[in-house]
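Structure data (mmCIF, C-alpha atoms and all ligand atoms) from input.cif:
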```cif
data_data
loop_
_atom_site.group_PDB
_atom_site.id
_atom_site.type_symbol
_atom_site.label_atom_id
_atom_site.label_comp_id
_atom_site.auth_asym_id
_atom_site.auth_seq_id
_atom_site.Cartn_x
_atom_site.Cartn_y
_atom_site.Cartn_z
ATOM 1 C CA MET S 750 90.310 36.369 -2.816
ATOM 2 C CA LEU S 751 91.591 32.901 -2.152
ATOM 3 C CA SER S 752 92.120 31.958 -5.808
ATOM 4 C CA GLU S 753 94.257 35.063 -6.385
ATOM 5 C CA ILE S 754 96.802 33.805 -3.842
ATOM 6 C CA PHE S 755 97.339 30.717 -5.947
ATOM 7 C CA GLU S 756 97.263 32.601 -9.254
ATOM 8 C CA GLN S 757 100.078 34.835 -8.034
ATOM 9 C CA SER S 758 102.339 31.965 -7.010
ATOM 10 C CA ALA S 759 105.571 31.284 -8.861
ATOM 11 C CA GLU S 760 104.547 27.646 -9.397
ATOM 12 C CA PHE S 761 101.421 28.684 -11.229
ATOM 13 C CA LYS S 762 103.081 31.440 -13.234
ATOM 14 C CA ASN S 763 105.718 28.981 -14.477
ATOM 15 C CA PHE S 764 103.024 26.521 -15.438
ATOM 16 C CA LEU S 765 100.996 29.171 -17.232
ATOM 17 C CA HIS S 766 104.043 30.217 -19.185
ATOM 18 C CA LEU S 767 104.522 26.644 -20.429
ATOM 19 C CA VAL S 768 100.841 26.310 -21.281
ATOM 20 C CA ARG S 769 100.949 29.488 -23.343
ATOM 21 C CA GLU S 770 104.081 28.285 -25.110
ATOM 22 C CA GLU S 771 102.347 24.934 -25.642
ATOM 23 C CA LYS S 772 105.285 23.205 -24.007
ATOM 24 C CA THR S 773 103.490 21.707 -21.073
ATOM 25 C CA ALA S 774 103.818 18.069 -20.009
ATOM 26 C CA HIS S 775 100.780 15.801 -19.748
ATOM 27 C CA SER S 776 101.255 14.391 -16.259
ATOM 28 C CA PHE S 777 101.778 16.443 -13.132
ATOM 29 C CA LEU S 778 102.291 15.584 -9.525
ATOM 30 C CA LEU S 779 101.529 18.523 -7.249
ATOM 31 C CA SER S 780 102.793 18.148 -3.708
ATOM 32 C CA SER S 781 102.037 20.272 -0.679
ATOM 33 C CA LYS S 782 101.828 19.651 3.053
ATOM 34 C CA ASP S 783 98.351 21.089 2.745
ATOM 35 C CA ALA S 784 95.812 18.971 0.823
ATOM 36 C CA PHE S 785 93.608 21.996 0.216
ATOM 37 C CA SER S 786 96.409 24.016 -1.393
ATOM 38 C CA ALA S 787 97.268 21.087 -3.652
ATOM 39 C CA SER S 788 93.672 20.617 -4.740
ATOM 40 C CA GLN S 789 93.134 24.359 -5.347
ATOM 41 C CA MET S 790 96.254 24.439 -7.483
ATOM 42 C CA ALA S 791 95.144 21.337 -9.404
ATOM 43 C CA MET S 792 91.858 23.093 -10.249
ATOM 44 C CA LEU S 793 93.723 26.178 -11.363
ATOM 45 C CA PHE S 794 96.067 24.127 -13.558
ATOM 46 C CA ALA S 795 93.063 22.463 -15.164
ATOM 47 C CA ARG S 796 91.425 25.819 -15.777
ATOM 48 C CA ALA S 797 94.609 27.217 -17.334
ATOM 49 C CA LEU S 798 94.852 24.217 -19.660
ATOM 50 C CA LEU S 799 91.312 24.922 -20.840
ATOM 51 C CA CYS S 800 91.653 28.722 -20.981
ATOM 52 C CA PRO S 801 95.251 29.989 -20.788
ATOM 53 C CA ASP S 802 93.944 33.554 -20.416
ATOM 54 C CA LEU S 803 91.824 32.614 -17.376
ATOM 55 C CA CYS S 804 89.368 35.065 -18.915
ATOM 56 C CA GLY S 805 86.549 34.192 -16.536
ATOM 57 C CA ARG S 806 83.992 34.779 -19.308
ATOM 58 C CA CYS S 807 84.314 31.839 -21.681
ATOM 59 C CA GLU S 808 82.269 28.676 -21.218
ATOM 60 C CA ASN S 809 85.343 26.722 -20.095
ATOM 61 C CA CYS S 810 86.061 29.230 -17.338
ATOM 62 C CA LYS S 811 82.427 29.488 -16.312
ATOM 63 C CA LYS S 812 82.064 25.727 -16.031
ATOM 64 C CA MET S 813 85.347 25.414 -14.126
ATOM 65 C CA LEU S 814 84.409 28.156 -11.699
ATOM 66 C CA VAL S 815 81.320 26.225 -10.639
ATOM 67 C CA ASN S 816 83.200 22.922 -10.589
ATOM 68 C CA ALA S 817 81.089 21.459 -13.353
ATOM 69 C CA HIS S 818 83.232 21.017 -16.430
ATOM 70 C CA PRO S 819 82.271 17.801 -18.224
ATOM 71 C CA ASP S 820 85.846 17.197 -19.437
ATOM 72 C CA VAL S 821 87.454 17.555 -16.036
ATOM 73 C CA LYS S 822 87.112 14.358 -14.050
ATOM 74 C CA PHE S 823 87.791 14.081 -10.337
ATOM 75 C CA PHE S 824 89.185 10.982 -8.689
ATOM 76 C CA PRO S 825 89.081 9.096 -6.365
ATOM 77 C CA GLN S 826 85.347 8.875 -6.128
ATOM 78 C CA GLY S 827 85.610 7.410 -2.608
ATOM 79 C CA GLY S 828 88.192 8.188 0.066
ATOM 80 C CA LYS S 829 91.135 6.723 -1.796
ATOM 81 C CA LEU S 830 91.977 5.661 -5.306
ATOM 82 C CA LEU S 831 91.144 2.001 -5.912
ATOM 83 C CA VAL S 832 92.019 -0.284 -8.808
ATOM 84 C CA GLU S 833 88.503 0.192 -10.210
ATOM 85 C CA ASP S 834 89.052 3.975 -10.229
ATOM 86 C CA SER S 835 92.320 3.539 -12.103
ATOM 87 C CA LYS S 836 90.625 1.245 -14.630
ATOM 88 C CA LYS S 837 87.956 3.882 -15.164
ATOM 89 C CA ILE S 838 90.620 6.550 -15.697
ATOM 90 C CA VAL S 839 92.448 4.374 -18.230
ATOM 91 C CA ASP S 840 89.217 3.605 -20.123
ATOM 92 C CA GLU S 841 87.971 7.178 -20.094
ATOM 93 C CA SER S 842 91.337 8.425 -21.356
ATOM 94 C CA PHE S 843 90.417 6.902 -24.708
ATOM 95 C CA THR S 844 87.038 8.599 -25.043
ATOM 96 C CA LYS S 845 86.820 11.992 -26.705
ATOM 97 C CA PRO S 846 86.232 15.165 -24.686
ATOM 98 C CA ILE S 847 82.599 16.313 -24.756
ATOM 99 C CA PHE S 848 82.803 20.048 -24.458
ATOM 100 C CA SER S 849 86.340 21.301 -24.989
ATOM 101 C CA ASP S 850 89.343 19.985 -26.893
ATOM 102 C CA LYS S 851 90.996 18.479 -23.796
ATOM 103 C CA LYS S 852 90.323 15.889 -21.197
ATOM 104 C CA ILE S 853 91.728 16.372 -17.713
ATOM 105 C CA PHE S 854 91.881 13.966 -14.818
ATOM 106 C CA ILE S 855 92.446 15.391 -11.358
ATOM 107 C CA ILE S 856 93.552 12.561 -9.094
ATOM 108 C CA GLN S 857 93.767 13.742 -5.508
ATOM 109 C CA ASN S 858 95.757 12.358 -2.584
ATOM 110 C CA VAL S 859 97.360 9.707 -4.726
ATOM 111 C CA ASP S 860 99.599 8.763 -1.774
ATOM 112 C CA LEU S 861 96.598 7.212 -0.023
ATOM 113 C CA SER S 862 95.905 4.797 -2.870
ATOM 114 C CA THR S 863 97.075 1.198 -3.026
ATOM 115 C CA ASP S 864 100.227 0.297 -4.963
ATOM 116 C CA GLU S 865 98.046 -1.733 -7.295
ATOM 117 C CA ALA S 866 95.853 1.263 -8.117
ATOM 118 C CA GLN S 867 98.915 3.440 -8.702
ATOM 119 C CA ASN S 868 100.534 0.800 -10.909
ATOM 120 C CA LYS S 869 97.429 0.602 -13.037
ATOM 121 C CA LEU S 870 97.853 4.291 -13.918
ATOM 122 C CA LEU S 871 101.451 3.982 -15.058
ATOM 123 C CA LYS S 872 100.865 3.318 -18.705
ATOM 124 C CA SER S 873 98.434 6.199 -19.086
ATOM 125 C CA LEU S 874 100.876 8.589 -17.423
ATOM 126 C CA GLU S 875 103.733 7.356 -19.540
ATOM 127 C CA GLU S 876 102.041 7.377 -22.910
ATOM 128 C CA PRO S 877 99.196 9.853 -22.588
ATOM 129 C CA GLN S 878 96.715 10.300 -25.386
ATOM 130 C CA LYS S 879 97.001 13.566 -27.232
ATOM 131 C CA ASN S 880 95.064 16.262 -25.327
ATOM 132 C CA VAL S 881 94.681 14.147 -22.212
ATOM 133 C CA PHE S 882 96.183 15.511 -18.992
ATOM 134 C CA TYR S 883 96.651 14.011 -15.558
ATOM 135 C CA ILE S 884 97.035 16.217 -12.494
ATOM 136 C CA LEU S 885 97.859 14.218 -9.385
ATOM 137 C CA THR S 886 98.093 15.665 -5.893
ATOM 138 C CA THR S 887 99.758 14.441 -2.726
ATOM 139 C CA THR S 888 100.578 15.607 0.772
ATOM 140 C CA ASN S 889 103.191 12.891 1.160
ATOM 141 C CA LEU S 890 105.521 12.518 -1.791
ATOM 142 C CA ASP S 891 107.363 9.619 -0.140
ATOM 143 C CA LYS S 892 104.223 7.501 -0.247
ATOM 144 C CA VAL S 893 103.805 7.902 -3.996
ATOM 145 C CA LEU S 894 105.371 5.033 -5.941
ATOM 146 C CA PRO S 895 108.742 6.003 -7.434
ATOM 147 C CA THR S 896 107.500 4.816 -10.823
ATOM 148 C CA ILE S 897 104.620 7.306 -10.666
ATOM 149 C CA ARG S 898 106.897 10.086 -9.474
ATOM 150 C CA SER S 899 109.331 9.535 -12.309
ATOM 151 C CA ARG S 900 106.610 9.726 -14.938
ATOM 152 C CA CYS S 901 105.150 13.013 -13.716
ATOM 153 C CA ASN S 902 106.322 16.565 -13.797
ATOM 154 C CA LYS S 903 106.744 17.154 -10.054
ATOM 155 C CA ILE S 904 105.776 20.546 -8.700
ATOM 156 C CA GLU S 905 106.082 21.474 -5.065
ATOM 157 C CA ILE S 906 103.534 24.018 -3.918
ATOM 158 C CA MET S 907 105.278 26.357 -1.570
ATOM 159 C CA PRO S 908 103.512 27.887 1.433
ATOM 160 C CA CYS S 909 101.832 31.245 0.798
ATOM 161 C CA GLN S 910 102.956 34.602 2.147
ATOM 162 C CA GLU S 911 101.526 35.385 5.568
ATOM 163 C CA GLN S 912 100.345 38.822 4.506
ATOM 164 C CA ASP S 913 98.289 37.284 1.679
ATOM 165 C CA ILE S 914 96.553 34.848 4.021
ATOM 166 C CA GLU S 915 96.104 37.523 6.679
ATOM 167 C CA LYS S 916 93.701 39.386 4.381
ATOM 168 C CA LEU S 917 91.370 36.389 4.503
ATOM 169 C CA LEU S 918 91.179 36.241 8.296
ATOM 170 C CA SER S 919 88.575 38.087 10.301
ATOM 171 C CA CYS S 920 89.275 37.029 13.899
ATOM 172 C CA SER S 921 90.906 38.937 16.757
ATOM 173 C CA GLU S 922 94.480 40.124 16.291
ATOM 174 C CA GLU S 923 95.902 37.624 18.796
ATOM 175 C CA GLN S 924 94.042 34.716 17.199
ATOM 176 C CA LYS S 925 95.114 35.916 13.759
ATOM 177 C CA GLN S 926 98.791 35.967 14.697
ATOM 178 C CA LEU S 927 98.676 32.542 16.342
ATOM 179 C CA ALA S 928 96.836 31.027 13.366
ATOM 180 C CA LEU S 929 99.287 32.565 10.903
ATOM 181 C CA LYS S 930 102.380 31.424 12.810
ATOM 182 C CA ILE S 931 101.136 27.908 13.465
ATOM 183 C CA GLY S 932 99.562 27.622 9.982
ATOM 184 C CA GLN S 933 102.981 28.248 8.392
ATOM 185 C CA GLY S 934 101.677 29.604 5.124
ATOM 186 C CA TYR S 935 99.156 26.848 4.438
ATOM 187 C CA VAL S 936 95.897 28.532 3.621
ATOM 188 C CA ALA S 937 93.328 25.925 4.600
ATOM 189 C CA ARG S 938 95.177 25.056 7.786
ATOM 190 C CA THR S 939 95.451 28.706 8.787
ATOM 191 C CA LEU S 940 91.769 29.377 8.100
ATOM 192 C CA GLU S 941 90.866 26.361 10.204
ATOM 193 C CA LEU S 942 93.168 27.447 13.047
ATOM 194 C CA ALA S 943 91.737 30.955 12.957
ATOM 195 C CA LYS S 944 88.299 29.474 13.703
ATOM 196 C CA LYS S 945 89.513 27.429 16.679
ATOM 197 C CA LYS S 946 88.096 28.820 19.899
ATOM 198 C CA ASN S 947 90.695 27.043 22.058
ATOM 199 C CA LEU S 948 93.773 28.114 20.077
ATOM 200 C CA ALA S 949 94.989 30.673 22.610
ATOM 201 C CA GLY S 950 94.258 28.178 25.405
ATOM 202 C CA LEU S 951 96.342 25.516 23.668
ATOM 203 C CA PHE S 952 99.178 27.981 23.291
ATOM 204 C CA ASP S 953 99.012 28.880 26.999
ATOM 205 C CA LEU S 954 98.929 25.213 27.938
ATOM 206 C CA ALA S 955 102.058 24.580 25.868
ATOM 207 C CA VAL S 956 103.774 27.554 27.520
ATOM 208 C CA GLY S 957 102.782 26.233 30.952
ATOM 209 C CA LEU S 958 104.139 22.744 30.270
ATOM 210 C CA LEU S 959 107.492 24.205 29.249
ATOM 211 C CA LYS S 960 107.765 27.000 31.753
ATOM 212 C CA ASP S 961 105.788 26.068 34.867
ATOM 213 C CA LEU S 962 105.622 22.277 35.140
ATOM 214 C CA SER S 963 108.320 21.500 37.683
ATOM 215 C CA SER S 964 107.495 18.584 39.952
ATOM 216 C CA SER S 965 105.898 15.156 39.673
ATOM 217 C CA LYS S 966 103.328 16.230 42.270
ATOM 218 C CA GLU S 967 101.766 18.463 39.610
ATOM 219 C CA ALA S 968 101.885 15.762 36.944
ATOM 220 C CA VAL S 969 98.269 14.641 37.368
ATOM 221 C CA VAL S 970 96.957 18.180 37.038
ATOM 222 C CA TRP S 971 98.910 18.809 33.813
ATOM 223 C CA SER S 972 97.916 15.434 32.345
ATOM 224 C CA ARG S 973 94.304 16.309 32.986
ATOM 225 C CA LYS S 974 94.703 19.692 31.306
ATOM 226 C CA ILE S 975 96.143 17.933 28.254
ATOM 227 C CA LEU S 976 93.298 15.420 28.193
ATOM 228 C CA ASP S 977 90.765 18.247 28.289
ATOM 229 C CA GLU S 978 92.210 19.162 24.874
ATOM 230 C CA LYS S 979 92.652 15.637 23.609
ATOM 231 C CA ALA S 980 90.810 16.379 20.353
ATOM 232 C CA ASP S 981 93.705 18.731 19.583
ATOM 233 C CA PHE S 982 96.478 16.621 21.048
ATOM 234 C CA ASN S 983 98.593 16.659 17.881
ATOM 235 C CA LEU S 984 98.166 20.400 17.511
ATOM 236 C CA LEU S 985 99.275 20.907 21.116
ATOM 237 C CA ILE S 986 102.431 18.886 20.469
ATOM 238 C CA GLU S 987 103.078 20.876 17.326
ATOM 239 C CA ILE S 988 102.828 24.122 19.291
ATOM 240 C CA LEU S 989 105.145 22.717 21.971
ATOM 241 C CA SER S 990 107.687 21.858 19.330
ATOM 242 C CA MET S 991 107.455 25.281 17.658
ATOM 243 C CA LEU S 992 107.792 27.033 21.008
ATOM 244 C CA VAL S 993 110.900 25.067 21.929
ATOM 245 C CA GLU S 994 112.384 25.808 18.516
ATOM 246 C CA ASP S 995 111.662 29.500 19.015
ATOM 247 C CA ALA S 996 113.104 29.447 22.551
ATOM 248 C CA LEU S 997 116.247 27.812 21.206
ATOM 249 C CA PHE S 998 116.712 30.651 18.704
ATOM 250 C CA ALA S 999 116.128 33.155 21.494
ATOM 251 C CA LYS S 1000 118.671 31.382 23.683
ATOM 252 C CA VAL S 1001 121.350 31.544 21.013
ATOM 253 C CA ASP S 1002 120.602 35.124 20.010
ATOM 254 C CA LYS S 1003 118.323 37.197 22.207
ATOM 255 C CA ASN S 1004 117.711 39.719 19.449
ATOM 256 C CA CYS S 1005 116.805 37.371 16.614
ATOM 257 C CA LYS S 1006 113.368 37.569 15.077
ATOM 258 C CA LEU S 1007 111.118 34.877 16.516
ATOM 259 C CA ARG S 1008 108.273 32.929 14.998
ATOM 260 C CA PHE S 1009 106.053 33.950 17.903
ATOM 261 C CA GLU S 1010 107.391 37.483 17.868
ATOM 262 C CA GLY S 1011 104.144 38.776 19.384
ATOM 263 C CA LYS S 1012 104.742 36.454 22.346
ATOM 264 C CA ARG S 1013 108.425 37.350 22.735
ATOM 265 C CA LYS S 1014 108.176 37.751 26.493
ATOM 266 C CA VAL S 1015 107.010 34.194 27.189
ATOM 267 C CA VAL S 1016 109.403 32.742 24.620
ATOM 268 C CA LEU S 1017 112.285 34.469 26.418
ATOM 269 C CA GLN S 1018 111.017 33.110 29.735
ATOM 270 C CA ILE S 1019 111.034 29.584 28.298
ATOM 271 C CA ALA S 1020 114.538 30.159 26.933
ATOM 272 C CA GLU S 1021 115.555 31.296 30.403
ATOM 273 C CA ALA S 1022 114.030 28.246 32.090
ATOM 274 C CA LEU S 1023 115.474 25.546 29.796
ATOM 275 C CA SER S 1024 119.017 24.594 28.829
ATOM 276 C CA ILE S 1025 120.000 24.060 25.200
ATOM 277 C CA LYS S 1026 120.473 20.351 25.835
ATOM 278 C CA CYS S 1027 117.039 20.189 27.438
ATOM 279 C CA MET S 1028 115.413 21.838 24.421
ATOM 280 C CA ALA S 1029 117.119 19.426 22.032
ATOM 281 C CA ASN S 1030 115.950 16.425 24.063
ATOM 282 C CA LEU S 1031 112.426 17.752 24.367
ATOM 283 C CA GLN S 1032 112.008 17.498 20.593
ATOM 284 C CA SER S 1033 112.542 13.710 20.880
ATOM 285 C CA VAL S 1034 109.930 13.599 23.639
ATOM 286 C CA PHE S 1035 107.433 15.345 21.330
ATOM 287 C CA ASP S 1036 108.302 13.055 18.420
ATOM 288 C CA LYS S 1037 107.598 10.045 20.604
ATOM 289 C CA ALA S 1038 104.205 11.420 21.634
ATOM 290 C CA VAL S 1039 103.245 12.023 17.988
ATOM 291 C CA ARG S 1040 104.351 8.496 17.117
ATOM 292 C CA ASP S 1041 102.368 6.967 19.985
ATOM 293 C CA LEU S 1042 99.242 8.861 18.967
ATOM 294 C CA SER S 1043 99.618 7.674 15.391
ATOM 295 C CA TYR S 1044 99.841 4.094 16.718
ATOM 296 C CA ASN S 1045 96.570 4.655 18.594
ATOM 297 C CA VAL S 1046 98.115 4.433 22.051
ATOM 298 C CA SER S 1047 95.502 5.662 24.528
ATOM 299 C CA PRO S 1048 95.584 9.473 24.899
ATOM 300 C CA VAL S 1049 95.585 9.049 28.702
ATOM 301 C CA LEU S 1050 98.836 7.125 28.520
ATOM 302 C CA VAL S 1051 100.371 9.486 25.966
ATOM 303 C CA ALA S 1052 99.463 12.499 28.139
ATOM 304 C CA ASP S 1053 100.943 10.881 31.279
ATOM 305 C CA ASN S 1054 104.117 9.904 29.438
ATOM 306 C CA LEU S 1055 104.458 13.323 27.860
ATOM 307 C CA VAL S 1056 104.255 15.085 31.216
ATOM 308 C CA MET S 1057 106.645 12.641 32.908
ATOM 309 C CA ASN S 1058 109.116 12.773 30.020
ATOM 310 C CA ILE S 1059 109.129 16.575 29.983
ATOM 311 C CA LEU S 1060 109.820 16.514 33.728
ATOM 312 C CA GLU S 1061 112.568 13.959 33.327
ATOM 313 C CA VAL S 1062 114.306 15.901 30.561
ATOM 314 C CA LYS S 1063 114.026 19.118 32.559
ATOM 315 C CA TYR S 1064 115.556 17.392 35.584
ATOM 316 C CA LEU S 1065 118.351 15.619 33.728
ATOM 317 C CA CYS S 1066 119.367 18.569 31.567
ATOM 318 C CA LYS S 1067 119.313 21.388 34.082
HETATM 319 ZN ZN ZN S 1101 88.208 31.649 -20.123
#
```

Take the structure from the file and write it as structure tokens.
Ligand SMILES: [Zn+2]
Amino acid sequence: MLSEIFEQSAEFKNFLHLVREEKTAHSFLLSSKDAFSASQMAMLFARALLCPDLCGRCENCKKMLVNAHPDVKFFPQGGKLLVEDSKKIVDESFTKPIFSDKKIFIIQNVDLSTDEAQNKLLKSLEEPQKNVFYILTTTNLDKVLPTIRSRCNKIEIMPCQEQDIEKLLSCSEEQKQLALKIGQGYVARTLELAKKKNLAGLFDLAVGLLKDLSSSKEAVVWSRKILDEKADFNLLIEILSMLVEDALFAKVDKNCKLRFEGKRKVVLQIAEALSIKCMANLQSVFDKAVRDLSYNVSPVLVADNLVMNILEVKYLCK
């Protein structure tokens, strides 16, 4: 079960311990690279505040398990937290809980909100009403105002164990391994990757770009292959980067355990084909492609540049 993965985590166990000792803070900032993990953990924290035994039978548990607890409020109500949302949170903090003895605000992806909206929350976070709790989540701690960060108890949600996530996957073994390795312990991401029909194809394309692409005459063909997968352009670059990292480890120590251990043969071939300097420079090429995509440069141009830059680095760092 998905929720069990989070219940077993050290972050949650520590929190539960404080709740049971009645020593918990009132404002939390949960950070994870994976928005889903952060929001699952926020729900679990809220449930533990309402029922420290997580009994599953009481009315608090029952209402939480169907996401319908009247004293647990979810924000933002749109895509990102706006000043009006913050005002609502501040106002509602002063009203009494309806059903339980606590009032909990779950404020997700606080990094996406405007500075103004974040500032509006400060006072509530700093001087919370008795029995009012704020659980904020973020996937980008750097984008949360320092003033907010300093007023919250910051908890980093670590990636889950692969073997725990593996139990949730029902795809082919090859797909499973790729999803687990690329998903890096983030549950939602891994589940999503496991469903991707083109995952193995993307992996092969990345291998081809590193291992087989060798002359500018082939550039057009490889650019076209990349554009065929343009919906997954960022994922492709991520796989390229992971593969190069793996190949670098293999180059330094042939016997070390690799991320793509199941694909050891191709990783060793890549390590054979590329110099250490080349691999280091390729990471800058990938970073540039990610940056260009985030600036909305046309995918056609990014694909062409990526192919040409890989070729150039391969040529210059033989
Ligand atoms: Zn309960």

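Considering the residues S:Val881, S:Ile904, S:Leu814, S:Ala784 and counting only C-alpha atoms, Asn763 of chain S has its shortest atom-to-atom contact with S:Ile904.
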
Size and centre in Å, one decimal, axis-aligned box, all listed segment 994-1007 of chain S atoms plus 5 Å per side, as lines of an AutoDock Vina configuration file:
```
center_x = 116.2
center_y = 32.8
center_z = 19.4
size_x = 20.2
size_y = 23.9
size_z = 18.6
```

Can you check which parts of chain S lie within 9 Å of ligand ZN 1101 (chain S)? Per residue, the shortest pair of atoms and distance in Å to one decimal, counting all atoms listed in the file, sorted by chain and number, as JSON lines.
```
{"residue": "S:Arg796", "atom": "CA", "partner": "S:ZN1101", "partner_atom": "ZN", "distance": 8.0}
{"residue": "S:Ala797", "atom": "CA", "partner": "S:ZN1101", "partner_atom": "ZN", "distance": 8.3}
{"residue": "S:Leu799", "atom": "CA", "partner": "S:ZN1101", "partner_atom": "ZN", "distance": 7.4}
{"residue": "S:Cys800", "atom": "CA", "partner": "S:ZN1101", "partner_atom": "ZN", "distance": 4.6}
{"residue": "S:Pro801", "atom": "CA", "partner": "S:ZN1101", "partner_atom": "ZN", "distance": 7.3}
{"residue": "S:Asp802", "atom": "CA", "partner": "S:ZN1101", "partner_atom": "ZN", "distance": 6.1}
{"residue": "S:Leu803", "atom": "CA", "partner": "S:ZN1101", "partner_atom": "ZN", "distance": 4.6}
{"residue": "S:Cys804", "atom": "CA", "partner": "S:ZN1101", "partner_atom": "ZN", "distance": 3.8}
{"residue": "S:Gly805", "atom": "CA", "partner": "S:ZN1101", "partner_atom": "ZN", "distance": 4.7}
{"residue": "S:Arg806", "atom": "CA", "partner": "S:ZN1101", "partner_atom": "ZN", "distance": 5.3}
{"residue": "S:Cys807", "atom": "CA", "partner": "S:ZN1101", "partner_atom": "ZN", "distance": 4.2}
{"residue": "S:Glu808", "atom": "CA", "partner": "S:ZN1101", "partner_atom": "ZN", "distance": 6.7}
{"residue": "S:Asn809", "atom": "CA", "partner": "S:ZN1101", "partner_atom": "ZN", "distance": 5.7}
{"residue": "S:Cys810", "atom": "CA", "partner": "S:ZN1101", "partner_atom": "ZN", "distance": 4.3}
{"residue": "S:Lys811", "atom": "CA", "partner": "S:ZN1101", "partner_atom": "ZN", "distance": 7.3}
```

Please evaluate the PyMOL selection byres (((chain S and resi 1014-1029) around 9) and not hetatm) against the structure above and give the resulting residues as a PyMOL selection string.
chain S and resi 956+959-961+992-1001+1003+1007+1009-1013+1030-1033+1062-1067

Explicit residues for the PyMOL selection byres (((chain S and resi 760) around 8) and not hetatm) (as a VMD selection string):
chain S and resid 758 to 759 761 to 764 904 to 907

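Distance-wise, atom CA of Ile975 of chain S and atom CA of Glu915 of chain S end up 29.1 Å apart.
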
What is the distance between atom CA of Thr888 of chain S and atom CA of Gly950 of chain S, in Å to one decimal?
28.4 Å

Which residues of segment 869-968 of chain S come within 12 Å of segment 837-858 of chain S, and what is each one's closest atom pair and distance in Å (one decimal), counting only C-alpha atoms, sorted by chain and residue number, as a Markdown table?
```
| residue | atom | partner | partner_atom | distance |
| --- | --- | --- | --- | --- |
| S:Lys869 | CA | S:Val839 | CA | 8.1 |
| S:Leu870 | CA | S:Val839 | CA | 6.9 |
| S:Leu871 | CA | S:Val839 | CA | 9.6 |
| S:Lys872 | CA | S:Val839 | CA | 8.5 |
| S:Ser873 | CA | S:Val839 | CA | 6.3 |
| S:Leu874 | CA | S:Val839 | CA | 9.5 |
| S:Glu875 | CA | S:Val839 | CA | 11.7 |
| S:Glu876 | CA | S:Ser842 | CA | 10.9 |
| S:Pro877 | CA | S:Ser842 | CA | 8.1 |
| S:Gln878 | CA | S:Ser842 | CA | 7.0 |
| S:Lys879 | CA | S:Lys851 | CA | 8.5 |
| S:Asn880 | CA | S:Lys851 | CA | 4.9 |
| S:Val881 | CA | S:Lys852 | CA | 4.8 |
| S:Phe882 | CA | S:Ile853 | CA | 4.7 |
| S:Tyr883 | CA | S:Phe854 | CA | 4.8 |
| S:Ile884 | CA | S:Ile855 | CA | 4.8 |
| S:Leu885 | CA | S:Ile856 | CA | 4.6 |
| S:Thr886 | CA | S:Gln857 | CA | 4.7 |
| S:Thr887 | CA | S:Asn858 | CA | 4.5 |
| S:Thr888 | CA | S:Asn858 | CA | 6.7 |
| S:Asn889 | CA | S:Asn858 | CA | 8.3 |
| S:Leu890 | CA | S:Asn858 | CA | 9.8 |
| S:Lys892 | CA | S:Asn858 | CA | 10.0 |
| S:Val893 | CA | S:Asn858 | CA | 9.3 |
```

S:Cys901, S:Ala866, S:Leu951, S:Ala817 ranked by distance to His775 of chain S, top pick (using only C-alpha atoms):
S:Cys901

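Every residue that the PyMOL selection byres (((chain S and resi 963) around 10) and not hetatm) selects in this file is listed here: Gly957, Leu958, Leu959, Lys960, Asp961, Leu962, Ser964, Ser965, Lys966, Glu967, Ala968, Val1056, Ile1059, Leu1060, Glu1061, Lys1063 and Tyr1064 of chain S.
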
What does the structure give for the distance between atom CA of Val1051 of chain S and atom CA of Leu948 of chain S, in Å to one decimal?
20.6 Å

Shell around Leu940 of chain S at 8 Å using only C-alpha atoms, local window under 5 positions removed, as an NGL selection string:
:S and (917-918 or 928)

Take segment 1032-1047 of chain S from the block and save it with C-alpha atoms, as a PDB file, in the first residue's frame.
```pdb
ATOM      1  CA  GLN S1032      26.921  17.382 -18.656  1.00  0.00           C
ATOM      2  CA  SER S1033      27.239  21.099 -19.546  1.00  0.00           C
ATOM      3  CA  VAL S1034      25.725  20.362 -22.954  1.00  0.00           C
ATOM      4  CA  PHE S1035      22.727  18.710 -21.252  1.00  0.00           C
ATOM      5  CA  ASP S1036      22.377  21.569 -18.768  1.00  0.00           C
ATOM      6  CA  LYS S1037      22.240  24.026 -21.645  1.00  0.00           C
ATOM      7  CA  ALA S1038      19.514  22.030 -23.393  1.00  0.00           C
ATOM      8  CA  VAL S1039      17.415  21.940 -20.204  1.00  0.00           C
ATOM      9  CA  ARG S1040      17.892  25.685 -19.788  1.00  0.00           C
ATOM     10  CA  ASP S1041      16.900  26.398 -23.394  1.00  0.00           C
ATOM     11  CA  LEU S1042      13.763  24.290 -23.055  1.00  0.00           C
ATOM     12  CA  SER S1043      12.807  26.120 -19.881  1.00  0.00           C
ATOM     13  CA  TYR S1044      13.203  29.411 -21.789  1.00  0.00           C
ATOM     14  CA  ASN S1045      10.820  28.079 -24.450  1.00  0.00           C
ATOM     15  CA  VAL S1046      13.432  27.913 -27.197  1.00  0.00           C
ATOM     16  CA  SER S1047      11.920  25.918 -30.062  1.00  0.00           C
TER      17      SER S1047
END
```
